[in-house]
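The data block below is model-v7.txt; it holds compact mmCIF, C-alpha atoms and all ligand atoms.
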```
# COMPACT_ATOMS: atom_id res chain seq x y z
CA MET A 1 -139.42 -48.88 -9.16
CA THR A 2 -140.34 -49.16 -12.80
CA GLY A 3 -143.92 -48.41 -13.63
CA THR A 4 -146.37 -48.09 -16.47
CA THR A 5 -149.60 -46.20 -16.45
CA ASP A 6 -152.69 -46.17 -18.54
CA ALA A 7 -153.29 -43.01 -20.49
CA THR A 8 -156.28 -42.18 -22.59
CA ASP A 9 -155.51 -40.21 -25.70
CA PRO A 10 -157.97 -37.69 -27.18
CA SER A 11 -159.28 -40.30 -29.63
CA GLY A 12 -160.42 -42.42 -26.67
CA THR A 13 -157.87 -45.22 -27.27
CA THR A 14 -156.40 -46.59 -24.05
CA HIS A 15 -152.77 -47.70 -24.10
CA ASP A 16 -149.76 -48.14 -21.86
CA THR A 17 -147.33 -45.29 -21.53
CA GLU A 18 -143.82 -45.71 -20.13
CA VAL A 19 -143.04 -43.61 -17.11
CA THR A 20 -139.50 -42.87 -16.05
CA PRO A 21 -138.30 -45.27 -13.32
CA SER A 22 -138.49 -43.62 -9.91
CA ASP A 23 -139.30 -44.16 -6.27
CA ALA A 24 -143.04 -43.75 -5.59
CA ALA A 25 -142.59 -42.45 -2.03
CA ALA A 26 -139.95 -39.99 -3.13
CA ASP A 27 -142.21 -38.84 -5.96
CA ALA A 28 -145.09 -38.28 -3.55
CA GLY A 29 -142.82 -36.35 -1.20
CA ALA A 30 -141.60 -34.21 -4.05
CA VAL A 31 -145.12 -33.39 -5.22
CA MET A 32 -146.22 -32.54 -1.66
CA ASN A 33 -143.18 -30.32 -1.43
CA LEU A 34 -144.25 -28.50 -4.59
CA LEU A 35 -147.76 -28.11 -3.16
CA SER A 36 -146.35 -26.40 -0.07
CA GLY A 37 -145.49 -23.41 -2.28
CA LEU A 38 -148.74 -21.73 -1.24
CA ILE A 39 -147.85 -22.21 2.43
CA VAL A 40 -144.35 -20.89 1.86
CA ALA A 41 -145.77 -17.74 0.28
CA GLN A 42 -147.94 -17.12 3.35
CA VAL A 43 -145.02 -17.78 5.74
CA LEU A 44 -143.17 -15.06 3.86
CA ARG A 45 -146.19 -12.75 4.02
CA ALA A 46 -146.84 -13.20 7.75
CA SER A 47 -143.13 -12.78 8.53
CA VAL A 48 -143.10 -9.48 6.66
CA VAL A 49 -146.45 -8.22 8.00
CA LEU A 50 -145.26 -8.87 11.57
CA GLY A 51 -141.85 -7.36 10.83
CA ILE A 52 -140.07 -10.49 12.13
CA ALA A 53 -136.84 -9.72 10.24
CA ASP A 54 -136.86 -6.10 11.43
CA HIS A 55 -137.22 -7.22 15.04
CA LEU A 56 -134.17 -9.47 14.57
CA ALA A 57 -132.06 -6.78 12.88
CA ASP A 58 -129.81 -6.31 15.94
CA GLY A 59 -129.43 -10.01 16.70
CA ALA A 60 -131.20 -13.23 17.64
CA LEU A 61 -134.24 -13.04 19.92
CA ALA A 62 -136.60 -15.50 21.56
CA ALA A 63 -139.88 -15.91 19.66
CA GLU A 64 -141.77 -14.74 22.75
CA VAL A 65 -139.85 -11.44 22.75
CA VAL A 66 -140.56 -10.99 19.03
CA ALA A 67 -144.25 -11.71 19.73
CA GLU A 68 -144.34 -9.02 22.41
CA ARG A 69 -142.80 -6.48 20.03
CA ALA A 70 -144.99 -7.54 17.10
CA GLY A 71 -148.17 -7.71 19.18
CA SER A 72 -148.73 -11.31 18.13
CA HIS A 73 -149.55 -14.59 19.87
CA PRO A 74 -146.39 -16.04 21.50
CA GLN A 75 -146.87 -19.70 20.59
CA ALA A 76 -148.14 -18.93 17.09
CA THR A 77 -145.16 -16.64 16.57
CA TYR A 78 -142.82 -19.42 17.68
CA ARG A 79 -144.50 -21.80 15.20
CA LEU A 80 -144.17 -19.25 12.39
CA MET A 81 -140.49 -18.66 13.20
CA ARG A 82 -139.84 -22.40 13.41
CA ALA A 83 -141.38 -22.80 9.92
CA ALA A 84 -139.30 -19.87 8.66
CA SER A 85 -136.18 -21.53 10.08
CA SER A 86 -137.03 -24.76 8.31
CA LEU A 87 -137.15 -22.75 5.06
CA GLY A 88 -133.72 -21.24 5.70
CA LEU A 89 -135.00 -17.73 6.41
CA LEU A 90 -134.06 -17.86 10.11
CA SER A 91 -131.38 -19.70 12.05
CA HIS A 92 -132.35 -21.52 15.25
CA GLU A 93 -130.03 -20.62 18.11
CA GLY A 94 -131.69 -22.90 20.71
CA GLN A 95 -134.34 -22.29 23.39
CA HIS A 96 -136.83 -20.63 21.02
CA ARG A 97 -134.22 -18.06 19.91
CA PHE A 98 -133.95 -17.29 16.23
CA GLY A 99 -131.60 -15.12 14.17
CA LEU A 100 -131.56 -13.88 10.58
CA THR A 101 -129.93 -15.75 7.72
CA GLY A 102 -128.78 -14.01 4.54
CA GLN A 103 -132.10 -14.88 2.90
CA GLY A 104 -134.12 -13.79 5.92
CA ARG A 105 -132.33 -10.43 5.92
CA LEU A 106 -134.01 -9.66 2.58
CA LEU A 107 -137.34 -9.51 4.44
CA ARG A 108 -136.17 -6.40 6.30
CA ALA A 109 -137.65 -3.03 5.36
CA ASP A 110 -135.53 -0.28 3.87
CA ILE A 111 -132.29 -2.15 3.29
CA PRO A 112 -130.58 -2.37 -0.11
CA GLY A 113 -131.87 -5.49 -1.84
CA SER A 114 -134.99 -5.75 0.34
CA LEU A 115 -137.78 -7.90 -1.13
CA ARG A 116 -140.30 -6.93 1.55
CA ASN A 117 -142.62 -4.96 -0.70
CA MET A 118 -142.46 -7.61 -3.43
CA ILE A 119 -143.57 -10.26 -0.90
CA LEU A 120 -146.42 -8.02 0.26
CA ALA A 121 -147.49 -7.10 -3.29
CA GLN A 122 -147.44 -10.68 -4.58
CA THR A 123 -149.52 -11.93 -1.66
CA ASN A 124 -151.91 -8.95 -1.55
CA HIS A 125 -155.59 -9.00 -2.51
CA GLY A 126 -154.98 -7.83 -6.11
CA HIS A 127 -152.54 -10.61 -6.89
CA TRP A 128 -153.76 -13.38 -4.62
CA GLN A 129 -157.42 -13.42 -5.64
CA SER A 130 -156.71 -14.23 -9.29
CA TRP A 131 -154.87 -17.40 -8.34
CA GLY A 132 -158.16 -18.81 -7.04
CA HIS A 133 -159.33 -18.91 -10.68
CA PHE A 134 -156.12 -20.22 -12.21
CA PRO A 135 -157.49 -23.42 -13.81
CA GLU A 136 -160.00 -21.20 -15.64
CA ALA A 137 -157.13 -19.05 -16.90
CA VAL A 138 -155.73 -22.16 -18.56
CA ARG A 139 -159.11 -23.34 -19.79
CA GLN A 140 -159.94 -19.98 -21.33
CA GLY A 141 -156.40 -18.86 -22.13
CA GLY A 142 -156.54 -15.53 -20.37
CA SER A 143 -156.59 -13.25 -17.38
CA GLN A 144 -158.90 -13.92 -14.45
CA THR A 145 -158.53 -10.52 -12.82
CA ARG A 146 -161.88 -9.25 -14.12
CA LYS A 147 -163.60 -12.20 -12.49
CA ALA A 148 -161.56 -11.89 -9.28
CA LEU A 149 -161.39 -8.10 -8.94
CA GLY A 150 -164.02 -6.71 -11.30
CA THR A 151 -161.41 -4.81 -13.34
CA ASP A 152 -158.10 -5.51 -15.03
CA ILE A 153 -155.09 -5.24 -12.77
CA PHE A 154 -153.99 -1.74 -13.79
CA GLU A 155 -157.55 -0.36 -13.56
CA TYR A 156 -157.69 -1.96 -10.11
CA TYR A 157 -154.54 -0.13 -9.00
CA ALA A 158 -155.90 3.14 -10.43
CA LEU A 159 -159.02 3.04 -8.19
CA PRO A 160 -158.74 5.57 -5.32
CA GLU A 161 -159.67 2.93 -2.73
CA ASN A 162 -156.69 0.82 -3.85
CA ALA A 163 -154.13 3.66 -3.66
CA ALA A 164 -152.17 2.07 -0.81
CA GLU A 165 -151.95 -1.28 -2.64
CA ALA A 166 -150.92 0.52 -5.84
CA ALA A 167 -148.17 2.38 -3.97
CA LEU A 168 -146.95 -0.92 -2.53
CA PHE A 169 -146.90 -2.48 -6.00
CA ALA A 170 -144.86 0.47 -7.30
CA GLN A 171 -142.38 0.01 -4.44
CA ALA A 172 -142.24 -3.71 -5.22
CA MET A 173 -141.39 -2.92 -8.84
CA GLY A 174 -138.68 -0.61 -7.51
CA GLU A 175 -137.20 -3.53 -5.57
CA MET A 176 -137.12 -5.58 -8.77
CA SER A 177 -135.44 -2.67 -10.57
CA ALA A 178 -132.71 -2.66 -7.95
CA LEU A 179 -131.91 -6.29 -8.90
CA VAL A 180 -131.08 -5.33 -12.49
CA THR A 181 -129.78 -1.76 -12.28
CA GLN A 182 -126.11 -2.62 -11.85
CA GLY A 183 -126.24 -5.13 -14.70
CA VAL A 184 -127.94 -2.66 -17.01
CA VAL A 185 -125.60 0.21 -16.15
CA ALA A 186 -122.61 -2.05 -16.86
CA ALA A 187 -123.96 -3.21 -20.23
CA VAL A 188 -126.13 -0.55 -21.83
CA SER A 189 -124.57 1.81 -24.31
CA THR A 190 -125.59 5.44 -23.76
CA SER A 191 -123.43 6.94 -26.49
CA GLY A 192 -125.45 9.49 -28.41
CA VAL A 193 -128.15 9.46 -25.74
CA SER A 194 -129.19 12.54 -23.84
CA THR A 195 -132.89 11.87 -23.18
CA MET A 196 -134.52 8.69 -21.85
CA VAL A 197 -138.19 7.87 -21.44
CA ASP A 198 -139.14 5.07 -19.06
CA VAL A 199 -142.29 3.70 -20.69
CA GLY A 200 -144.68 2.62 -17.90
CA GLY A 201 -141.88 3.64 -15.54
CA SER A 202 -143.92 3.49 -12.32
CA ASN A 203 -141.99 5.18 -9.46
CA GLY A 204 -139.12 5.87 -11.83
CA ASP A 205 -136.63 3.78 -9.85
CA PHE A 206 -135.10 2.35 -13.01
CA VAL A 207 -134.60 5.52 -15.03
CA LEU A 208 -133.50 7.44 -11.91
CA ALA A 209 -130.84 4.80 -11.20
CA LEU A 210 -129.54 5.17 -14.77
CA MET A 211 -129.51 8.97 -14.32
CA GLU A 212 -127.48 8.56 -11.13
CA ALA A 213 -124.93 6.51 -13.07
CA HIS A 214 -124.94 8.97 -16.00
CA PRO A 215 -125.10 12.59 -14.77
CA GLU A 216 -125.26 13.84 -18.38
CA LEU A 217 -128.61 12.14 -19.04
CA SER A 218 -132.11 13.44 -18.38
CA GLY A 219 -135.05 11.12 -17.83
CA GLN A 220 -138.80 11.04 -17.97
CA VAL A 221 -141.43 8.60 -16.73
CA LEU A 222 -144.58 7.99 -18.75
CA ASP A 223 -147.24 6.24 -16.71
CA LEU A 224 -150.93 6.32 -15.82
CA PRO A 225 -152.16 9.40 -13.92
CA HIS A 226 -152.26 7.68 -10.51
CA ALA A 227 -148.57 6.69 -10.78
CA VAL A 228 -146.77 9.89 -11.75
CA ASP A 229 -146.81 11.66 -8.36
CA GLY A 230 -144.88 8.73 -6.91
CA ALA A 231 -142.24 9.13 -9.64
CA ARG A 232 -141.92 12.88 -8.97
CA ALA A 233 -141.54 12.21 -5.23
CA GLU A 234 -138.84 9.60 -5.88
CA ALA A 235 -136.90 12.03 -8.12
CA GLU A 236 -137.16 14.68 -5.43
CA LYS A 237 -135.93 12.23 -2.78
CA ARG A 238 -132.88 11.41 -4.90
CA GLY A 239 -132.18 15.08 -5.69
CA LEU A 240 -132.69 14.53 -9.43
CA SER A 241 -135.76 16.69 -10.09
CA ASN A 242 -133.77 19.14 -12.22
CA ARG A 243 -133.11 16.42 -14.85
CA PHE A 244 -136.39 14.56 -14.46
CA SER A 245 -140.05 14.88 -15.38
CA ALA A 246 -143.06 12.60 -15.18
CA VAL A 247 -145.90 12.68 -17.65
CA ALA A 248 -149.33 11.09 -17.29
CA GLY A 249 -150.39 9.33 -20.47
CA ASP A 250 -151.29 6.12 -22.22
CA PHE A 251 -148.55 4.18 -24.01
CA PHE A 252 -151.17 2.69 -26.33
CA VAL A 253 -151.84 6.21 -27.65
CA GLU A 254 -148.43 7.90 -27.77
CA VAL A 255 -145.11 8.19 -25.99
CA PRO A 256 -142.92 11.31 -25.65
CA PRO A 257 -139.87 11.61 -27.95
CA ALA A 258 -136.52 10.28 -26.65
CA ASP A 259 -133.08 8.99 -27.64
CA LEU A 260 -133.50 5.87 -25.52
CA TYR A 261 -136.71 4.13 -24.47
CA LEU A 262 -136.67 1.97 -21.37
CA VAL A 263 -139.34 -0.71 -21.61
CA LYS A 264 -138.87 -2.74 -18.47
CA THR A 265 -141.31 -5.51 -17.47
CA ILE A 266 -143.99 -3.93 -19.64
CA LEU A 267 -144.27 -6.26 -22.64
CA HIS A 268 -144.98 -9.29 -20.43
CA ASP A 269 -148.23 -7.61 -19.31
CA TRP A 270 -149.74 -7.48 -22.81
CA ASP A 271 -150.68 -9.63 -25.79
CA ASP A 272 -148.77 -9.48 -29.06
CA MET A 273 -151.02 -6.86 -30.69
CA GLN A 274 -150.82 -4.59 -27.66
CA CYS A 275 -147.04 -4.99 -27.43
CA THR A 276 -146.72 -4.11 -31.10
CA THR A 277 -148.73 -0.93 -30.50
CA ILE A 278 -146.49 0.12 -27.58
CA LEU A 279 -143.31 -0.61 -29.53
CA ARG A 280 -144.63 1.11 -32.68
CA ASN A 281 -145.43 4.21 -30.65
CA CYS A 282 -141.83 4.23 -29.41
CA ARG A 283 -140.58 3.69 -32.96
CA SER A 284 -142.65 6.63 -34.26
CA ALA A 285 -141.39 9.00 -31.58
CA VAL A 286 -137.72 7.94 -31.29
CA HIS A 287 -135.10 10.52 -32.26
CA GLU A 288 -132.95 9.77 -35.31
CA GLY A 289 -130.39 7.08 -34.40
CA GLY A 290 -132.18 6.33 -31.11
CA ARG A 291 -132.67 2.98 -29.42
CA ALA A 292 -134.87 1.06 -27.02
CA LEU A 293 -133.92 -1.20 -24.14
CA VAL A 294 -136.39 -3.93 -23.28
CA VAL A 295 -135.78 -5.63 -19.92
CA GLU A 296 -137.67 -8.87 -19.37
CA MET A 297 -137.21 -12.47 -18.34
CA VAL A 298 -136.60 -14.67 -21.39
CA ILE A 299 -138.04 -18.18 -21.56
CA GLY A 300 -135.42 -20.84 -22.30
CA GLU A 301 -135.66 -24.41 -23.58
CA PRO A 302 -138.60 -26.41 -22.14
CA GLY A 303 -137.76 -29.20 -19.71
CA LYS A 304 -135.16 -27.34 -17.67
CA PRO A 305 -135.63 -25.45 -14.40
CA ASP A 306 -136.71 -21.99 -15.56
CA PHE A 307 -138.18 -19.39 -13.21
CA ALA A 308 -139.47 -17.45 -16.24
CA THR A 309 -141.97 -20.23 -16.92
CA LEU A 310 -143.45 -19.68 -13.43
CA GLY A 311 -143.55 -15.92 -13.95
CA ASP A 312 -145.44 -16.78 -17.12
CA MET A 313 -148.14 -18.50 -15.04
CA ALA A 314 -148.63 -15.25 -13.10
CA MET A 315 -148.94 -13.38 -16.37
CA LEU A 316 -151.49 -15.93 -17.57
CA THR A 317 -153.81 -15.56 -14.61
CA MET A 318 -153.35 -11.82 -14.02
CA THR A 319 -152.86 -10.22 -17.42
CA ASP A 320 -153.39 -10.75 -21.13
CA GLY A 321 -149.62 -11.01 -21.47
CA MET A 322 -146.97 -13.70 -21.25
CA GLU A 323 -143.28 -14.27 -20.71
CA ARG A 324 -141.66 -14.85 -24.10
CA ASP A 325 -138.70 -16.61 -25.66
CA LEU A 326 -136.27 -14.78 -27.94
CA THR A 327 -138.04 -15.87 -31.12
CA GLU A 328 -141.31 -14.44 -29.81
CA PHE A 329 -139.62 -11.19 -28.81
CA ASP A 330 -137.95 -10.87 -32.20
CA ALA A 331 -141.31 -11.28 -33.94
CA LEU A 332 -142.69 -8.37 -31.87
CA PHE A 333 -139.68 -6.23 -32.67
CA ALA A 334 -139.87 -6.99 -36.41
CA ALA A 335 -143.59 -6.16 -36.44
CA SER A 336 -142.99 -2.77 -34.87
CA GLY A 337 -139.95 -1.43 -36.75
CA TRP A 338 -137.16 -2.51 -34.38
CA ARG A 339 -134.32 -5.04 -34.56
CA ARG A 340 -132.59 -6.63 -31.56
CA SER A 341 -128.92 -5.62 -31.71
CA LYS A 342 -127.63 -6.81 -28.32
CA THR A 343 -128.73 -9.26 -25.64
CA TYR A 344 -127.22 -9.55 -22.17
CA PRO A 345 -128.14 -10.89 -18.73
CA VAL A 346 -128.64 -8.06 -16.25
CA GLY A 347 -129.23 -10.03 -13.03
CA GLY A 348 -132.13 -11.57 -11.17
CA GLY A 349 -132.94 -13.78 -14.18
CA TYR A 350 -133.63 -10.73 -16.39
CA PHE A 351 -132.15 -9.85 -19.77
CA GLY A 352 -131.49 -6.58 -21.54
CA LEU A 353 -132.61 -6.65 -25.18
CA GLU A 354 -131.24 -3.59 -26.95
CA LEU A 355 -133.13 -2.51 -30.05
CA VAL A 356 -132.20 -0.32 -32.98
CA ALA A 357 -134.72 1.22 -35.34
CA VAL A 358 -134.97 -0.31 -38.80
C1 LIG A 401 -145.34 -4.26 -14.31
S1 LIG A 401 -145.30 -2.54 -14.02
C2 LIG A 401 -143.64 -2.14 -14.55
C3 LIG A 401 -143.13 -0.87 -13.96
C4 LIG A 401 -141.69 -0.48 -14.33
N1 LIG A 401 -141.47 -0.44 -15.76
C5 LIG A 401 -140.73 -1.47 -13.69
O1 LIG A 401 -140.25 -2.36 -14.35
O2 LIG A 401 -140.47 -1.32 -12.48
C6 LIG A 401 -146.29 -1.91 -15.36
C7 LIG A 401 -146.43 -0.39 -15.36
O3 LIG A 401 -147.14 0.00 -16.55
C8 LIG A 401 -148.04 1.03 -16.21
N2 LIG A 401 -149.12 1.09 -17.20
C9 LIG A 401 -150.12 0.19 -17.38
N3 LIG A 401 -150.90 0.55 -18.41
C10 LIG A 401 -150.37 1.70 -18.91
C11 LIG A 401 -150.73 2.56 -20.01
N4 LIG A 401 -151.77 2.26 -20.78
N5 LIG A 401 -149.96 3.64 -20.25
C12 LIG A 401 -148.90 3.92 -19.46
N6 LIG A 401 -148.50 3.16 -18.41
C13 LIG A 401 -149.23 2.05 -18.14
C14 LIG A 401 -148.51 0.64 -14.82
O4 LIG A 401 -149.10 1.71 -14.13
C15 LIG A 401 -147.21 0.15 -14.19
O5 LIG A 401 -146.50 1.19 -13.57
```
Let me see whether you can do it: turn the structure in this file into structure tokens.
Ligand SMILES: C[S@@+](CC[C@H](N)C(=O)[O-])C[C@H]1O[C@@H](n2cnc3c(N)ncnc32)[C@H](O)[C@@H]1O
Amino acid sequence: MTGTTDATDPSGTTHDTEVTPSDAAADAGAVMNLLSGLIVAQVLRASVVLGIADHLADGALAAEVVAERAGSHPQATYRLMRAASSLGLLSHEGQHRFGLTGQGRLLRADIPGSLRNMILAQTNHGHWQSWGHFPEAVRQGGSQTRKALGTDIFEYYALPENAAEAALFAQAMGEMSALVTQGVVAAVSTSGVSTMVDVGGSNGDFVLALMEAHPELSGQVLDLPHAVDGARAEAEKRGLSNRFSAVAGDFFVEVPPADLYLVKTILHDWDDMQCTTILRNCRSAVHEGGRALVVEMVIGEPGKPDFATLGDMAMLTMTDGMERDLTEFDALFAASGWRRSKTYPVGGGYFGLELVAV
């Protein structure tokens, strides 16, 4: 069907605007499908909270058996599993029995590639509340976490009463690190590097994975005081404590010296001025001939499917930061004494941007 619609421009003039020919019913279905995103997120959350995928780890089970093991309502559990099967997370084997698909397997705890903690973190109080104010984020052009939580997101995680949620967030970041580690190890040049500092390194999963791949390198995490014990524990768990340290500090004040700075999913949390401060602090402290590796999503051309643009919406409502395109990144680098020397995809939609000091 071809259609036209009236649009009112800012000057108040009303005129006809061409719309692309399409099928009205199909359009409505597609928009409703988009709207179901909030339901999909909660199907993921409930499935993880009830451990549905873990209960199915050894094979398909009837929903009623899963309900018994999960301590949940049998019919409601069946309805949840039916919804999960319609999303491709579970397979339906007949007679209320469901099994895991490849995607559903990623909801399991403690398996390589698990996204369990990421699902929990993204749907937790700290993340979820800010979405309720999202239109205001657009109206005002900034974070709604103060309104939703009373603090900014990192202050929120630092509060003692939110320690469990902060630990979950750190584990979620570790799951994201696992998506890019292989790609980074394959691409990053470590020649001339003996010390690395993971700036805002959280649990240290990223720098520790690089240390595992490069036994000659030592690593350090710089993060806020509440985060560093988790990094030390992770190093201990991996048997890397002898080459690792964690330091509590503030990357807006100073960073420890290093040959290679790892700045992974940090810049997207902050505005341009704040990013420039972080990068300048790295530039001031970097050893002669040293480098930095920024790992972030990179926004592409508008008008094409681009997950980074959705990540950018999360940054808009939760932080003062943004996802950036390469031109925007290069402006930050130029303003802080760095130049991008290499760019490569590292997996999961992320890119490695290698920087040399100028
Ligand atoms: C989005 S997480 C990224 C964690 C890690 N780089 C990764 O990619 O898995 C941001 C991290 O920055 C840390 N952070 C926030 N403000 C900081 C500050 N002023 N100084 C040091 N670390 C900070 C947070 O505690 C958190 O661990």
Grab all the atoms of region 92-95 of chain A that the file lists, wrap them in a box along x, y and z, add 5 Å per side, and give me centre plus edge lengths in Å (one decimal) as AutoDock Vina command-line options.
```
--center_x -132.2 --center_y -21.8 --center_z 19.3 --size_x 14.3 --size_y 12.3 --size_z 18.1
```
Can I get the residues close to ligand LIG 401 (chain A) as a count of residues only, where close means within 6 Å and we count only C-alpha atoms and all ligand atoms?
17
For Asp198 (chain A), which residue among A:Cys282, A:Leu159, A:Ala172, A:Leu240 is the nearest when counting all atoms listed in the file?
A:Cys282
Using all atoms listed in the file, which residues sit within 9 Å of Trp270 (chain A) once same-chain residues fewer than 4 positions away are excluded, as a ChimeraX atom specification?
/A:266,274-275,315,319-322
Excluding same-chain residues fewer than 6 positions from Pro345 (chain A), what lies within 8 Å of it counting all atoms listed in the file, as a PyMOL selection string?
chain A and resi 183+351-352
How would the residues just chosen look if you wrote them out with C-alpha atoms as a short mmCIF file (atom, residue, chain, number, x, y, z; two decimals), in the coordinates of the input?
```cif
data_model
loop_
_atom_site.label_atom_id
_atom_site.label_comp_id
_atom_site.auth_asym_id
_atom_site.auth_seq_id
_atom_site.Cartn_x
_atom_site.Cartn_y
_atom_site.Cartn_z
CA GLY A 183 -126.24 -5.13 -14.70
CA PHE A 351 -132.15 -9.85 -19.77
CA GLY A 352 -131.49 -6.58 -21.54
#
```
Using only C-alpha atoms, list the residues that have an atom at most 10 Å from (-130.6, -12.5, 15.4), coordinates as in the file, as a list in words.
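Returned residue set, sorted by chain then number, is Ala53, Asp54, His55, Leu56, Ala57, Asp58, Gly59, Ala60, Leu61, Ala62, Leu90, Ser91, His92, Glu93, Arg97, Phe98, Gly99, Leu100, Thr101 and Arg105 of chain A.
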CA of Pro257 (chain A) to CA of Glu296 (chain A), distance in Å rounded to a single decimal:
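These atoms are spaced 22.3 Å apart.
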